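Below is one structure, written out as structure tokens; comments come after it.
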Amino acid sequence: MSVDDVVTDDDRKATRYEFDRHAADYRDNFLPITQEMQSKCPMAWSDTHGGHWVAAGSKEVFALARSADVSTDHDIHGKRKGYKGIAIPTMERASGVRGGILEMDDPEHHEFRALLNPYLSPAAVKRWTPFIDEIVRASINEKIETGSIDFVDDLANIVPAVLTLAMMGIPIAKWTIYNEPVHAAVYTPPDSPDIPRIAEMHRTMGIDLLTNLFEIRENPRPGLIDALAQATVLGEKPDDMELLGILSLLIGGGFDTTTALTAHSLEWLSQNPDKRTILSEERDTLLDSATEEFLRYFTPAPGDGRTFSADCTFDGTEFKEGERLWLSWAMANRDPELFDDPNEVDLERRGNRHFSFGLGIHRCIGSNMARQVFKRMLVAVLDRMPDYKCDPETTVHYDSIGVIQGMRNLPATFTPGPRIGPGLDETLEKLQKICDEQRLAEPITKKKSEAQIGD
């Protein structure tokens with residue numbers, strides 16, 4: 001190679017875009033930023049957050065998400081320089097703990113995932129449907145007679161949280177210990193004066209989570225915690241901090257993403273009441289395609305970070321081992337090269353190969369649960385609050401959609417209706433007994449029958 005053939009860093013990074021999904025105005029400017037990047041620089045270098053590549057086009061995201069030269073490893077021990085997992089920038093509170101299986105490469109990732117699959121397969125999740133319906137019914141009962149509800153606080157925060165804890169083997173009455181810190185950690189800026197309070201809530205949650213791990217290790221009870229507490233991976237017992245990272249991922253993934261999808265979908269249906277009527281009346285044929293379209297359009301988890309694990313080239317761009325990469329699922333979901341009218345919601349969209357659950361070996365392990373919980377909440381709202389109307393004046397979106405595209409509040413009004421059965425507290429007591437007696441949190445390999453709720 002001659003001197004003239006040497007490719008400098010400036011040459012490699014000549015295509016630049018100052019991309020910052022944490023910026024205060026990114027949510028408002030998401031569409032023009034996406035359209036500009038996809039038309040001019042679907043693969044670009046950004047100097048923000050220490051410098052990283054950004055894949056904005058569907059072709060680029062698809063290829064790199066499945067590339068053997070791209071790693072999700074979060075090297076907390078400093079053996080692989082620059083390997084910092086899926087967060088860009090690395091979150092300070094998570095700098096010493098890996099984010100579960102999303103921050104592992106194979107074969108370690110494969111072994112952990114195999115432990116979790118029997119609890120999260122389509123058949124395993126379907127078994128929980130009667131349980132989900134009971135939480136939804138009871139949550140709506142608390143507000144149905146008043147004619148007003150906050151769909152976030154009063155429904156979409158509650159149902160995924162209770163179900164996730166039940167599947168893990170944690171007493172479901174503790175959902176309030178977990179719920180607020182999980183959501184607040186996502187929507188609160190790092191310079192907020194509220195950070196110390198949230199950190200304290202996180203400590204309380206972490207202590208309870210570790211306490212459950214220790215209890216279940218000594219006296220096993222069914223659930224995802226038991227699967228991990230008894231696990232041997234690559235011939236060794238994982239340490240407690242490793243298990244804490246996996247459990248925290250299950251909680252975060254189970255809580256906030258489904259809440260975000262539900263809130264945005266209910267808001268859109270309020271803004272489009274004619275479409276809401278059609279979806280309700282034709283749910284047998286439209287519910288599945290509408291769910292996939294809401295997932296595509298709103299993309300609850302907008303992207304993931306990666307690290308190049310080898311020098312490589314894609315489509316004429318050279319990457320170096322150790323460089324960081326952001327894969328934007330949200331921008332790929334709006335690519336006109338892949339989707340007709342990508343910035344319109346089409347409840348009948350077919351062949352919807354969206355990116356919202358990721359791609360490749362790290363595709364979201366909780367996707368089946370997210371879909372089912374969302375559908376059961378949506379159908380219940382359509383049935384019991386068919387004329388609901390959200391209030392845009394008091395709706396509060398997350399300030400930043402850097403991690404989750406979510407909402408803090410989504411107040412709505414509707415024609416009051418009758419309660420059906422008991423309220424939330426009584427229902428949770430009943431469901432805990434059912435969980436324990438029927439051993440609902442067993443893996444699908446041990447228990448195949450649906451939850452029996454009774455009267």
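Residues in the structure tokens are named by chain (A, B, ... in the order shown) and by number from 1 within that chain; ligands are numbered from 1 in the order shown.
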To test your reading of the structure, identify every residue in range 290-371 of chain A that backbone DSSP assigns to alpha helix (DSSP H), and report it as JSON, numbers by chain. {"A": [290, 291, 292, 293, 294, 295, 296, 297, 298, 329, 330, 331, 332, 367, 368, 369, 370, 371]}
Just N, CA, C and O atoms for this one: save the residues we selected as a PDB file, in the first residue's frame.
```pdb
ATOM      1  N   ALA A 290     -52.665  -4.451  13.770  1.00  0.00           N
ATOM      2  CA  ALA A 290     -52.600  -3.152  14.446  1.00  0.00           C
ATOM      3  C   ALA A 290     -51.510  -3.145  15.509  1.00  0.00           C
ATOM      4  O   ALA A 290     -50.781  -2.158  15.663  1.00  0.00           O
ATOM      5  N   THR A 291     -51.379  -4.255  16.229  1.00  0.00           N
ATOM      6  CA  THR A 291     -50.330  -4.349  17.252  1.00  0.00           C
ATOM      7  C   THR A 291     -48.953  -4.199  16.626  1.00  0.00           C
ATOM      8  O   THR A 291     -48.098  -3.456  17.136  1.00  0.00           O
ATOM      9  N   GLU A 292     -48.714  -4.903  15.526  1.00  0.00           N
ATOM     10  CA  GLU A 292     -47.414  -4.799  14.864  1.00  0.00           C
ATOM     11  C   GLU A 292     -47.172  -3.394  14.324  1.00  0.00           C
ATOM     12  O   GLU A 292     -46.041  -2.888  14.362  1.00  0.00           O
ATOM     13  N   GLU A 293     -48.240  -2.742  13.864  1.00  0.00           N
ATOM     14  CA  GLU A 293     -48.079  -1.391  13.327  1.00  0.00           C
ATOM     15  C   GLU A 293     -47.790  -0.387  14.434  1.00  0.00           C
ATOM     16  O   GLU A 293     -46.953   0.514  14.272  1.00  0.00           O
ATOM     17  N   PHE A 294     -48.448  -0.518  15.560  1.00  0.00           N
ATOM     18  CA  PHE A 294     -48.139   0.365  16.681  1.00  0.00           C
ATOM     19  C   PHE A 294     -46.703   0.144  17.153  1.00  0.00           C
ATOM     20  O   PHE A 294     -45.994   1.093  17.502  1.00  0.00           O
ATOM     21  N   LEU A 295     -46.270  -1.107  17.169  1.00  0.00           N
ATOM     22  CA  LEU A 295     -44.884  -1.401  17.527  1.00  0.00           C
ATOM     23  C   LEU A 295     -43.914  -0.715  16.560  1.00  0.00           C
ATOM     24  O   LEU A 295     -42.915  -0.126  16.974  1.00  0.00           O
ATOM     25  N   ARG A 296     -44.209  -0.810  15.266  1.00  0.00           N
ATOM     26  CA  ARG A 296     -43.330  -0.199  14.266  1.00  0.00           C
ATOM     27  C   ARG A 296     -43.311   1.320  14.413  1.00  0.00           C
ATOM     28  O   ARG A 296     -42.250   1.947  14.488  1.00  0.00           O
ATOM     29  N   TYR A 297     -44.486   1.896  14.470  1.00  0.00           N
ATOM     30  CA  TYR A 297     -44.589   3.353  14.410  1.00  0.00           C
ATOM     31  C   TYR A 297     -44.040   4.020  15.670  1.00  0.00           C
ATOM     32  O   TYR A 297     -43.351   5.037  15.596  1.00  0.00           O
ATOM     33  N   PHE A 298     -44.321   3.446  16.824  1.00  0.00           N
ATOM     34  CA  PHE A 298     -43.908   4.082  18.074  1.00  0.00           C
ATOM     35  C   PHE A 298     -42.588   3.557  18.632  1.00  0.00           C
ATOM     36  O   PHE A 298     -41.949   4.222  19.448  1.00  0.00           O
ATOM     37  N   TRP A 329     -33.382   1.341  15.798  1.00  0.00           N
ATOM     38  CA  TRP A 329     -34.574   0.585  15.386  1.00  0.00           C
ATOM     39  C   TRP A 329     -35.676   1.569  14.956  1.00  0.00           C
ATOM     40  O   TRP A 329     -36.403   1.317  13.991  1.00  0.00           O
ATOM     41  N   ALA A 330     -35.791   2.685  15.675  1.00  0.00           N
ATOM     42  CA  ALA A 330     -36.855   3.652  15.393  1.00  0.00           C
ATOM     43  C   ALA A 330     -36.712   4.267  14.006  1.00  0.00           C
ATOM     44  O   ALA A 330     -37.695   4.418  13.269  1.00  0.00           O
ATOM     45  N   MET A 331     -35.482   4.648  13.631  1.00  0.00           N
ATOM     46  CA  MET A 331     -35.294   5.246  12.311  1.00  0.00           C
ATOM     47  C   MET A 331     -35.444   4.199  11.213  1.00  0.00           C
ATOM     48  O   MET A 331     -36.028   4.475  10.163  1.00  0.00           O
ATOM     49  N   ALA A 332     -34.944   2.991  11.441  1.00  0.00           N
ATOM     50  CA  ALA A 332     -35.116   1.932  10.440  1.00  0.00           C
ATOM     51  C   ALA A 332     -36.593   1.635  10.206  1.00  0.00           C
ATOM     52  O   ALA A 332     -37.005   1.300   9.089  1.00  0.00           O
ATOM     53  N   SER A 367     -40.711 -10.486  23.781  1.00  0.00           N
ATOM     54  CA  SER A 367     -41.636  -9.967  22.769  1.00  0.00           C
ATOM     55  C   SER A 367     -43.021 -10.612  22.859  1.00  0.00           C
ATOM     56  O   SER A 367     -44.037  -9.938  22.646  1.00  0.00           O
ATOM     57  N   ASN A 368     -43.073 -11.888  23.179  1.00  0.00           N
ATOM     58  CA  ASN A 368     -44.375 -12.556  23.270  1.00  0.00           C
ATOM     59  C   ASN A 368     -45.197 -11.992  24.423  1.00  0.00           C
ATOM     60  O   ASN A 368     -46.405 -11.772  24.293  1.00  0.00           O
ATOM     61  N   MET A 369     -44.543 -11.753  25.550  1.00  0.00           N
ATOM     62  CA  MET A 369     -45.238 -11.183  26.697  1.00  0.00           C
ATOM     63  C   MET A 369     -45.715  -9.772  26.392  1.00  0.00           C
ATOM     64  O   MET A 369     -46.849  -9.404  26.718  1.00  0.00           O
ATOM     65  N   ALA A 370     -44.872  -8.961  25.758  1.00  0.00           N
ATOM     66  CA  ALA A 370     -45.242  -7.580  25.450  1.00  0.00           C
ATOM     67  C   ALA A 370     -46.481  -7.525  24.569  1.00  0.00           C
ATOM     68  O   ALA A 370     -47.414  -6.738  24.823  1.00  0.00           O
ATOM     69  N   ARG A 371     -46.504  -8.341  23.529  1.00  0.00           N
ATOM     70  CA  ARG A 371     -47.657  -8.356  22.631  1.00  0.00           C
ATOM     71  C   ARG A 371     -48.941  -8.741  23.368  1.00  0.00           C
ATOM     72  O   ARG A 371     -49.983  -8.106  23.212  1.00  0.00           O
TER      73      ARG A 371
END
```
Show me, as JSON, numbers by chain, the residues that have an atom within 10 Å of Gly423 in chain A when counting only C-alpha atoms, minus same-chain residues fewer than 2 positions from it. {"A": [134, 135, 137, 138, 139, 140, 141, 142, 143, 419, 420, 421, 425, 426, 427, 428]}
I'd like the contact shell of Ser58 in chain A - 12 Å cut-off, only C-alpha atoms, skipping same-chain residues fewer than 5 positions apart - returned as number ranges by chain. A: 34, 37-39, 42-43, 63-65, 327-339, 342, 353-356, 358-359
One number please: CA of Lys446 in chain A to CA of Ala124 in chain A, in Å, one decimal.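 We find that CA of Lys446 in chain A and CA of Ala124 in chain A lie 10.3 Å from each other.
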Which residues come within 9 Å of Leu250 in chain A, counting only C-alpha atoms, excluding same-chain residues fewer than 3 positions away, as a list in words?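 Here the answer would be Gly100, Thr164, Met168, Gly245, Ile246, Leu247, Gly253, Gly254, Phe255 and Gly366 of chain A.
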